[in-house]
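Text of entry.cif (mmCIF, C-alpha atoms) as supplied:
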data_upload
#
loop_
_atom_site.label_atom_id
_atom_site.label_comp_id
_atom_site.auth_asym_id
_atom_site.auth_seq_id
_atom_site.Cartn_x
_atom_site.Cartn_y
_atom_site.Cartn_z
CA MET M 1 8.90 30.15 50.10
CA LYS M 2 11.66 27.60 50.32
CA ARG M 3 9.20 24.76 50.83
CA LYS M 4 7.13 25.90 47.88
CA SER M 5 10.10 25.94 45.52
CA ALA M 6 11.23 22.52 46.78
CA GLY M 7 7.72 21.28 46.02
CA LYS M 8 7.90 22.80 42.55
CA ARG M 9 11.24 21.12 41.97
CA ALA M 10 9.81 17.77 43.03
CA LEU M 11 6.82 18.21 40.72
CA LYS M 12 9.12 19.16 37.88
CA GLU M 13 11.18 16.04 38.53
CA ILE M 14 8.05 13.90 38.43
CA ASP M 15 6.95 15.63 35.21
CA GLY M 16 10.37 14.90 33.75
CA ARG M 17 10.18 11.24 34.72
CA VAL M 18 6.65 10.93 33.33
CA GLU M 19 7.74 12.54 30.08
CA LYS M 20 10.77 10.25 29.90
CA SER M 21 8.70 7.11 30.37
CA LYS M 22 6.16 8.31 27.78
CA GLN M 23 8.97 8.88 25.30
CA ALA M 24 10.43 5.43 26.06
CA VAL M 25 7.02 3.85 25.42
CA LEU M 26 6.55 5.75 22.14
CA ALA M 27 10.06 4.86 20.97
CA ALA M 28 9.53 1.16 21.80
CA THR M 29 6.16 1.20 20.03
CA PHE M 30 7.71 2.76 16.95
CA GLU M 31 10.54 0.20 16.88
CA LEU M 32 8.03 -2.65 17.15
CA LEU M 33 5.90 -1.07 14.42
CA VAL M 34 8.89 -1.06 12.08
CA LYS M 35 9.73 -4.65 13.01
CA LEU M 36 6.26 -6.19 13.06
CA GLY M 37 3.72 -3.83 11.49
CA LEU M 38 0.60 -2.52 13.22
CA SER M 39 -1.05 -5.89 13.76
CA GLY M 40 2.04 -7.30 15.47
CA VAL M 41 2.29 -4.68 18.23
CA SER M 42 0.78 -5.52 21.65
CA VAL M 43 0.92 -3.49 24.87
CA ASP M 44 2.68 -6.48 26.47
CA ALA M 45 5.48 -6.32 23.92
CA VAL M 46 5.76 -2.53 24.28
CA SER M 47 5.98 -2.93 28.06
CA ARG M 48 8.73 -5.56 27.75
CA ARG M 49 10.71 -3.51 25.25
CA SER M 50 10.43 -0.14 27.02
CA GLY M 51 10.71 -1.46 30.60
CA VAL M 52 7.61 0.59 31.48
CA ALA M 53 4.84 -1.25 33.36
CA LYS M 54 1.59 -1.97 31.52
CA THR M 55 -0.39 -0.10 34.21
CA THR M 56 1.75 2.99 33.56
CA ILE M 57 1.25 2.65 29.80
CA TYR M 58 -2.51 2.44 30.26
CA ARG M 59 -2.37 5.53 32.49
CA HIS M 60 -1.09 7.55 29.51
CA TRP M 61 -3.03 5.85 26.73
CA PRO M 62 -6.51 4.46 27.35
CA SER M 63 -6.08 1.69 24.76
CA ARG M 64 -3.62 -0.10 22.50
CA GLU M 65 -5.22 1.78 19.59
CA ALA M 66 -4.59 5.19 21.20
CA LEU M 67 -0.92 4.29 21.70
CA LEU M 68 -0.57 3.07 18.10
CA MET M 69 -2.24 6.23 16.82
CA GLU M 70 0.22 8.46 18.69
CA ALA M 71 3.20 6.38 17.55
CA CYS M 72 2.01 6.51 13.94
CA ALA M 73 1.48 10.26 14.19
CA GLN M 74 5.27 10.53 13.99
CA PHE M 75 4.84 10.12 10.24
CA LYS M 76 2.94 13.40 10.08
CA SER M 77 5.92 15.60 9.34
CA SER M 78 5.88 18.08 6.49
CA LEU M 79 8.46 18.15 3.75
CA PRO M 80 10.27 21.50 3.47
CA VAL M 81 8.96 23.73 0.66
CA PRO M 82 11.79 24.29 -1.84
CA ASN M 83 12.21 27.44 -3.89
CA THR M 84 14.57 26.67 -6.77
CA GLY M 85 13.00 29.20 -9.16
CA SER M 86 11.40 26.63 -11.47
CA LEU M 87 8.53 24.18 -11.06
CA LYS M 88 10.72 21.37 -12.39
CA GLY M 89 13.45 22.15 -9.87
CA ASP M 90 10.97 22.38 -6.99
CA LEU M 91 9.24 19.13 -7.91
CA GLU M 92 12.59 17.36 -8.32
CA ALA M 93 13.69 18.54 -4.88
CA LEU M 94 10.44 17.28 -3.35
CA ALA M 95 10.57 13.98 -5.25
CA ASN M 96 14.09 13.48 -3.87
CA GLU M 97 12.81 14.08 -0.33
CA VAL M 98 10.07 11.50 -0.88
CA VAL M 99 12.64 9.01 -2.23
CA ALA M 100 14.79 9.56 0.88
CA ARG M 101 11.80 8.89 3.14
CA LEU M 102 10.81 5.78 1.20
CA GLN M 103 14.38 4.50 1.50
CA HIS M 104 14.24 4.89 5.29
CA SER M 105 13.49 1.72 7.27
CA SER M 106 10.43 3.34 8.88
CA SER M 107 8.66 3.42 5.50
CA THR M 108 7.81 -0.23 6.11
CA VAL M 109 5.06 0.90 8.53
CA MET M 110 3.19 2.76 5.78
CA PRO M 111 1.42 -0.30 4.26
CA SER M 112 0.29 -1.27 7.79
CA ILE M 113 -1.38 2.10 8.22
CA ILE M 114 -2.92 1.93 4.73
CA ASP M 115 -4.15 -1.60 5.45
CA VAL M 116 -5.86 -0.75 8.74
CA ALA M 117 -7.16 2.52 7.26
CA GLU M 118 -9.21 0.41 4.84
CA ARG M 119 -11.38 -0.75 7.75
CA ASN M 120 -10.86 1.71 10.62
CA GLU M 121 -12.10 5.30 10.51
CA GLU M 122 -9.64 6.68 13.04
CA LEU M 123 -6.67 5.22 11.20
CA ALA M 124 -8.17 6.41 7.90
CA ALA M 125 -8.27 9.95 9.30
CA LEU M 126 -4.66 9.66 10.45
CA GLN M 127 -3.60 8.23 7.09
CA ALA M 128 -5.37 11.13 5.34
CA GLU M 129 -3.46 13.60 7.54
CA ILE M 130 -0.12 11.90 6.80
CA HIS M 131 -0.92 12.01 3.10
CA ALA M 132 -2.05 15.66 3.24
CA GLN M 133 1.23 16.63 4.94
CA THR M 134 3.23 14.85 2.24
CA ARG M 135 1.21 16.42 -0.54
CA GLU M 136 1.02 19.96 0.86
CA PRO M 137 4.40 21.28 -0.32
CA LEU M 138 3.73 19.86 -3.79
CA VAL M 139 0.40 21.74 -3.86
CA THR M 140 2.29 24.90 -2.79
CA VAL M 141 4.98 24.78 -5.49
CA ILE M 142 2.42 23.90 -8.19
CA GLY M 143 0.18 26.79 -7.07
CA ARG M 144 3.15 29.16 -7.24
CA ALA M 145 4.01 27.96 -10.76
CA GLN M 146 0.43 28.54 -11.86
CA GLN M 147 0.51 32.07 -10.41
CA ARG M 148 3.64 32.93 -12.38
CA ARG M 149 2.07 31.23 -15.42
CA GLU M 150 4.77 28.59 -15.65
CA LEU M 151 1.98 26.00 -15.56
CA ALA M 152 -1.48 26.29 -17.12
CA HIS M 153 -4.27 27.06 -14.66
CA ASN M 154 -6.43 24.28 -16.10
CA GLN M 155 -3.91 21.66 -14.95
CA ASP M 156 -5.30 19.81 -11.95
CA PRO M 157 -2.55 19.90 -9.28
CA ARG M 158 -3.84 16.65 -7.71
CA GLU M 159 -3.44 14.79 -10.99
CA LEU M 160 0.07 16.10 -11.51
CA ILE M 161 0.92 15.07 -7.94
CA ALA M 162 -0.55 11.57 -8.53
CA CYS M 163 1.81 11.24 -11.50
CA ILE M 164 4.82 12.04 -9.29
CA LEU M 165 4.03 10.43 -5.92
CA GLY M 166 2.25 7.47 -7.55
CA PRO M 167 5.24 6.05 -9.47
CA LEU M 168 7.54 6.55 -6.46
CA LEU M 169 5.17 4.76 -4.05
CA TYR M 170 4.55 2.04 -6.66
CA ARG M 171 8.27 1.32 -7.00
CA ARG M 172 8.71 1.13 -3.23
CA PHE M 173 5.65 -0.93 -2.28
CA PHE M 174 4.24 -2.69 -5.34
CA SER M 175 7.04 -3.51 -7.79
CA ARG M 176 9.74 -3.28 -5.08
CA GLU M 177 12.24 -1.93 -7.57
CA PRO M 178 15.14 0.38 -6.77
CA LEU M 179 14.45 4.08 -6.23
CA ASP M 180 17.02 6.81 -6.79
CA GLN M 181 17.31 10.49 -7.58
CA ALA M 182 17.87 9.94 -11.31
CA LEU M 183 14.61 8.01 -11.50
CA ALA M 184 12.80 10.71 -9.47
CA LYS M 185 14.05 13.29 -11.99
CA ARG M 186 12.79 11.25 -14.96
CA ILE M 187 9.40 10.75 -13.29
CA VAL M 188 9.04 14.51 -12.74
CA GLU M 189 10.04 15.20 -16.36
CA ARG M 190 7.52 12.69 -17.64
CA ALA M 191 4.76 14.11 -15.41
CA LEU M 192 5.51 17.61 -16.71
CA GLY M 193 5.52 16.38 -20.31
CA LYS M 194 9.20 17.29 -20.70
CA SER M 195 10.59 13.81 -21.32
CA LYS M 196 11.81 12.70 -24.69
CA MET O 1 -17.16 -55.50 -11.82
CA LYS O 2 -20.32 -54.08 -10.34
CA ARG O 3 -18.69 -53.73 -6.92
CA LYS O 4 -15.70 -51.98 -8.42
CA SER O 5 -17.77 -49.39 -10.24
CA ALA O 6 -19.84 -48.80 -7.09
CA GLY O 7 -16.57 -48.25 -5.24
CA LYS O 8 -15.44 -45.78 -7.89
CA ARG O 9 -18.73 -43.94 -7.61
CA ALA O 10 -18.36 -43.76 -3.85
CA LEU O 11 -14.80 -42.46 -4.18
CA LYS O 12 -15.94 -39.88 -6.71
CA GLU O 13 -18.67 -38.79 -4.32
CA ILE O 14 -16.13 -38.40 -1.53
CA ASP O 15 -13.82 -36.45 -3.87
CA GLY O 16 -16.74 -34.20 -4.74
CA ARG O 17 -17.56 -33.60 -1.09
CA VAL O 18 -13.90 -32.90 -0.26
CA GLU O 19 -13.68 -30.45 -3.15
CA LYS O 20 -16.91 -28.77 -2.07
CA SER O 21 -15.71 -28.30 1.50
CA LYS O 22 -12.34 -26.97 0.27
CA GLN O 23 -14.13 -24.44 -1.90
CA ALA O 24 -16.39 -23.43 1.00
CA VAL O 25 -13.32 -22.87 3.20
CA LEU O 26 -11.55 -20.82 0.52
CA ALA O 27 -14.67 -18.73 -0.12
CA ALA O 28 -15.14 -18.05 3.61
CA THR O 29 -11.45 -17.16 3.95
CA PHE O 30 -11.69 -14.73 1.06
CA GLU O 31 -14.82 -13.09 2.49
CA LEU O 32 -13.10 -12.66 5.86
CA LEU O 33 -9.99 -11.27 4.14
CA VAL O 34 -12.09 -8.60 2.44
CA LYS O 35 -13.88 -7.82 5.73
CA LEU O 36 -10.94 -7.91 8.14
CA GLY O 37 -7.64 -7.96 6.25
CA LEU O 38 -4.98 -10.66 6.59
CA SER O 39 -4.26 -10.11 10.27
CA GLY O 40 -7.93 -10.45 11.21
CA VAL O 41 -8.46 -13.92 9.74
CA SER O 42 -8.23 -16.92 12.09
CA VAL O 43 -8.89 -20.60 11.35
CA ASP O 44 -11.60 -20.45 14.05
CA ALA O 45 -13.44 -17.69 12.21
CA VAL O 46 -13.06 -19.51 8.87
CA SER O 47 -14.46 -22.67 10.45
CA ARG O 48 -17.46 -20.81 11.87
CA ARG O 49 -18.18 -19.00 8.60
CA SER O 50 -17.76 -22.02 6.31
CA GLY O 51 -19.34 -24.60 8.61
CA VAL O 52 -16.30 -26.83 8.00
CA ALA O 53 -14.64 -28.30 11.12
CA LYS O 54 -11.20 -27.02 12.07
CA THR O 55 -9.76 -30.56 11.92
CA THR O 56 -10.96 -30.82 8.30
CA ILE O 57 -9.45 -27.41 7.47
CA TYR O 58 -6.10 -28.49 8.93
CA ARG O 59 -6.29 -31.71 6.89
CA HIS O 60 -6.22 -29.62 3.68
CA TRP O 61 -3.91 -26.81 4.83
CA PRO O 62 -1.11 -27.49 7.30
CA SER O 63 -1.31 -23.98 8.77
CA ARG O 64 -3.29 -20.73 8.85
CA GLU O 65 -0.56 -19.22 6.66
CA ALA O 66 -0.96 -21.92 3.99
CA LEU O 67 -4.72 -21.29 3.88
CA LEU O 68 -4.23 -17.51 3.63
CA MET O 69 -1.67 -17.99 0.85
CA GLU O 70 -4.08 -20.08 -1.22
CA ALA O 71 -6.95 -17.63 -0.64
CA CYS O 72 -4.73 -14.69 -1.64
CA ALA O 73 -3.57 -16.54 -4.74
CA GLN O 74 -7.00 -15.74 -6.17
CA PHE O 75 -5.58 -12.31 -6.96
CA LYS O 76 -3.11 -13.88 -9.39
CA SER O 77 -5.25 -13.49 -12.49
CA SER O 78 -3.87 -11.98 -15.67
CA LEU O 79 -5.45 -9.06 -17.43
CA PRO O 80 -6.41 -9.81 -21.05
CA VAL O 81 -3.91 -8.47 -23.62
CA PRO O 82 -5.70 -5.91 -25.81
CA ASN O 83 -4.88 -5.29 -29.46
CA THR O 84 -6.37 -1.95 -30.45
CA GLY O 85 -3.71 -1.15 -33.05
CA SER O 86 -2.05 1.63 -31.08
CA LEU O 87 0.04 1.72 -27.90
CA LYS O 88 -2.15 4.47 -26.47
CA GLY O 89 -5.31 2.44 -27.12
CA ASP O 90 -3.79 -0.72 -25.63
CA LEU O 91 -2.55 1.09 -22.51
CA GLU O 92 -5.89 2.83 -22.05
CA ALA O 93 -7.71 -0.50 -22.27
CA LEU O 94 -5.37 -2.00 -19.66
CA ALA O 95 -5.58 1.07 -17.39
CA ASN O 96 -9.37 0.74 -17.52
CA GLU O 97 -9.11 -2.93 -16.48
CA VAL O 98 -6.90 -1.92 -13.55
CA VAL O 99 -9.39 0.80 -12.55
CA ALA O 100 -12.22 -1.77 -12.61
CA ARG O 101 -10.22 -4.11 -10.36
CA LEU O 102 -9.33 -1.31 -7.97
CA GLN O 103 -13.00 -0.34 -7.76
CA HIS O 104 -13.93 -3.92 -6.79
CA SER O 105 -14.43 -4.55 -3.07
CA SER O 106 -11.74 -7.24 -3.04
CA SER O 107 -9.06 -4.60 -3.75
CA THR O 108 -9.17 -3.83 -0.02
CA VAL O 109 -7.09 -6.98 0.61
CA MET O 110 -4.16 -5.67 -1.44
CA PRO O 111 -2.65 -3.42 1.30
CA SER O 112 -2.83 -6.39 3.70
CA ILE O 113 -0.73 -8.46 1.34
CA ILE O 114 1.70 -5.59 0.75
CA ASP O 115 1.95 -5.05 4.50
CA VAL O 116 2.74 -8.66 5.38
CA ALA O 117 5.03 -8.92 2.33
CA GLU O 118 7.26 -6.30 3.99
CA ARG O 119 8.20 -8.85 6.67
CA ASN O 120 7.34 -12.30 5.29
CA GLU O 121 9.24 -13.90 2.43
CA GLU O 122 6.47 -16.25 1.32
CA LEU O 123 3.95 -13.42 1.13
CA ALA O 124 6.55 -11.25 -0.61
CA ALA O 125 6.92 -13.97 -3.27
CA LEU O 126 3.15 -14.17 -3.69
CA GLN O 127 2.88 -10.37 -3.87
CA ALA O 128 5.61 -10.34 -6.54
CA GLU O 129 3.66 -12.94 -8.55
CA ILE O 130 0.43 -10.92 -8.27
CA HIS O 131 2.30 -7.82 -9.39
CA ALA O 132 4.02 -9.66 -12.27
CA GLN O 133 0.64 -10.93 -13.52
CA THR O 134 -0.78 -7.39 -13.45
CA ARG O 135 2.25 -5.97 -15.20
CA GLU O 136 2.72 -8.70 -17.83
CA PRO O 137 0.15 -7.50 -20.42
CA LEU O 138 1.54 -3.95 -20.13
CA VAL O 139 5.03 -5.32 -20.86
CA THR O 140 3.57 -7.18 -23.86
CA VAL O 141 1.84 -4.20 -25.48
CA ILE O 142 4.85 -1.93 -24.85
CA GLY O 143 7.19 -4.55 -26.41
CA ARG O 144 4.92 -4.78 -29.45
CA ALA O 145 4.92 -0.97 -29.82
CA GLN O 146 8.71 -0.94 -29.66
CA GLN O 147 8.89 -3.65 -32.34
CA ARG O 148 6.72 -1.64 -34.72
CA ARG O 149 8.76 1.47 -33.77
CA GLU O 150 5.78 3.29 -32.29
CA LEU O 151 7.85 3.70 -29.12
CA ALA O 152 11.60 4.32 -28.89
CA HIS O 153 13.65 1.25 -27.93
CA ASN O 154 15.52 3.23 -25.29
CA GLN O 155 12.32 3.77 -23.28
CA ASP O 156 12.38 1.56 -20.20
CA PRO O 157 9.03 -0.31 -20.18
CA ARG O 158 9.15 -0.64 -16.38
CA GLU O 159 9.35 3.12 -15.93
CA LEU O 160 6.49 3.75 -18.33
CA ILE O 161 4.44 1.13 -16.44
CA ALA O 162 5.30 2.78 -13.09
CA CYS O 163 3.90 6.04 -14.51
CA ILE O 164 0.60 4.34 -15.35
CA LEU O 165 0.02 1.83 -12.53
CA GLY O 166 1.59 4.13 -9.92
CA PRO O 167 -0.92 7.01 -10.20
CA LEU O 168 -3.87 4.57 -10.27
CA LEU O 169 -2.71 2.68 -7.16
CA TYR O 170 -1.89 5.99 -5.46
CA ARG O 171 -5.42 7.33 -6.02
CA ARG O 172 -6.97 4.13 -4.70
CA PHE O 173 -4.80 3.51 -1.64
CA PHE O 174 -2.92 6.69 -0.68
CA SER O 175 -4.98 9.75 -1.63
CA ARG O 176 -8.28 7.76 -1.69
CA GLU O 177 -9.59 9.94 -4.48
CA PRO O 178 -12.09 8.85 -7.14
CA LEU O 179 -10.87 6.73 -10.04
CA ASP O 180 -12.57 6.62 -13.43
CA GLN O 181 -11.89 5.89 -17.08
CA ALA O 182 -11.42 9.56 -18.02
CA LEU O 183 -8.69 9.86 -15.39
CA ALA O 184 -7.08 6.60 -16.58
CA LYS O 185 -6.99 8.05 -20.12
CA ARG O 186 -5.34 11.29 -18.94
CA ILE O 187 -2.76 9.33 -16.92
CA VAL O 188 -1.84 7.25 -19.98
CA GLU O 189 -1.57 10.39 -22.13
CA ARG O 190 0.68 12.07 -19.58
CA ALA O 191 2.87 8.94 -19.26
CA LEU O 192 3.25 8.83 -23.06
CA GLY O 193 4.04 12.57 -23.20
CA LYS O 194 0.92 13.26 -25.22
CA SER O 195 -0.89 15.49 -22.73
CA LYS O 196 -1.24 19.24 -23.22
#
As structure tokens, the full file:
Amino acid sequence: MKRKSAGKRALKEIDGRVEKSKQAVLAATFELLVKLGLSGVSVDAVSRRSGVAKTTIYRHWPSREALLMEACAQFKSSLPVPNTGSLKGDLEALANEVVARLQHSSSTVMPSIIDVAERNEELAALQAEIHAQTREPLVTVIGRAQQRRELAHNQDPRELIACILGPLLYRRFFSREPLDQALAKRIVERALGKSK
Amino acid sequence: MKRKSAGKRALKEIDGRVEKSKQAVLAATFELLVKLGLSGVSVDAVSRRSGVAKTTIYRHWPSREALLMEACAQFKSSLPVPNTGSLKGDLEALANEVVARLQHSSSTVMPSIIDVAERNEELAALQAEIHAQTREPLVTVIGRAQQRRELAHNQDPRELIACILGPLLYRRFFSREPLDQALAKRIVERALGKSK
């Protein structure tokens, strides 16, 4: 019995070390992504930055692409669904969350993903998932507002969402103008037809 | 005199050939940009595709970056300024032009430029010029509408523009949903607060 549990402990230790090196590789990959964009990240550079040998990296990920995909998957995190009691309040809360994410340094990786997604099906699928996760809570609060008849049922939620996420993404990536909560509020008001 | 004019003719011929090879290089670069994005284009590939020797390419452009910059500068073309008599009509006409450009295959290069612009000052300057050229006619028609008091002077033209260009760019690059003139019209109406 004793030997068995010692063996288990040893295995657990190895598992822990494996997990730790995987996390170090993913963290290094993510840092390089933020610094250089997708096209700038090589397995060599990840190995140098993480201190994990290339052979070990390739044991966990069959290719550079697989590693990049897993590192980029970190963007697939849902926004919390607010419940302020009004559609305007919910959309403002979500728009503020999006602004906070766009103000984070990691947002710089987004155009890399979009760029590669134009020509690579796997990345396009990942980009679609990231987008769906961002959009989901907006779909939820709009659906709720339509159920309680705060918003007409003939309003297309996807168009309303385009008129909220679109201007925010445009300011961050295309016009490179400042983004703040006051602007997010005005964009939501305009999208809902409640601006002056 | 005869010799001189023969010399001029010869020079003109050389100029013509130089110009022709420059155009062939730029065309090949642009085709590769559309196919592969910025990071995929090498001087080797441009040389193979254009049939122009690498040494000749480097005679015209000191670096790969300089060549890419000139090829990308082709995106710096202004939209025509419409004059339909109403702000809504003018903005709809411009939104339709933007939709047509986004539907063109060359729009696939845009995320490449945006991506590199995140980390490269020269590309960021070029991206800002491309954006300014796209935005300029919108600024013009909004300014005219404010002069004839069709639009309040306290409306920030840049925010109104964000609410028109933003949703269109979002549908093309982020949600990858269809774009058409009917949608462009509804986006303009919503931005102007004239939607139901």
Hey, could you make a per-residue contact list for chain O against chain M with 6 Å as the cut-off, showing the nearest pair of atoms and its distance in Å to one decimal, counting all atoms listed in the file, sorted by chain and number, as JSON lines?
{"residue": "O:Pro111", "atom": "CA", "partner": "M:Asp115", "partner_atom": "CA", "distance": 4.8}
{"residue": "O:Ser112", "atom": "CA", "partner": "M:Asp115", "partner_atom": "CA", "distance": 5.3}
{"residue": "O:Asp115", "atom": "CA", "partner": "M:Pro111", "partner_atom": "CA", "distance": 4.8}
{"residue": "O:Ala162", "atom": "CA", "partner": "M:Pro167", "partner_atom": "CA", "distance": 4.9}
{"residue": "O:Cys163", "atom": "CA", "partner": "M:Pro167", "partner_atom": "CA", "distance": 5.2}
{"residue": "O:Gly166", "atom": "CA", "partner": "M:Gly166", "partner_atom": "CA", "distance": 4.1}
{"residue": "O:Pro167", "atom": "CA", "partner": "M:Gly166", "partner_atom": "CA", "distance": 4.2}
{"residue": "O:Tyr170", "atom": "CA", "partner": "M:Gly166", "partner_atom": "CA", "distance": 4.9}
{"residue": "O:Gly193", "atom": "CA", "partner": "M:Gly193", "partner_atom": "CA", "distance": 5.0}
Once you add 4 Å to each side, what are the centre and edge lengths of the axis-aligned box holding all listed atoms of stretch 89-95 of chain O? One decimal in Å, as lines of an AutoDock Vina configuration file, if you can.
center_x = -5.1
center_y = 0.4
center_z = -22.3
size_x = 13.2
size_y = 12.8
size_z = 17.7
Just say which residues the PyMOL selection byres ((chain O and resi 57-66) around 8) picks in this file, as a list of chain:residue names.
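So the PyMOL selection byres ((chain O and resi 57-66) around 8), applied here, picks out O:Lys22, O:Val25, O:Ser42, O:Val43, O:Ser47, O:Val52, O:Ala53, O:Lys54, O:Thr55, O:Thr56, O:Leu67, O:Leu68, O:Met69, O:Glu70.
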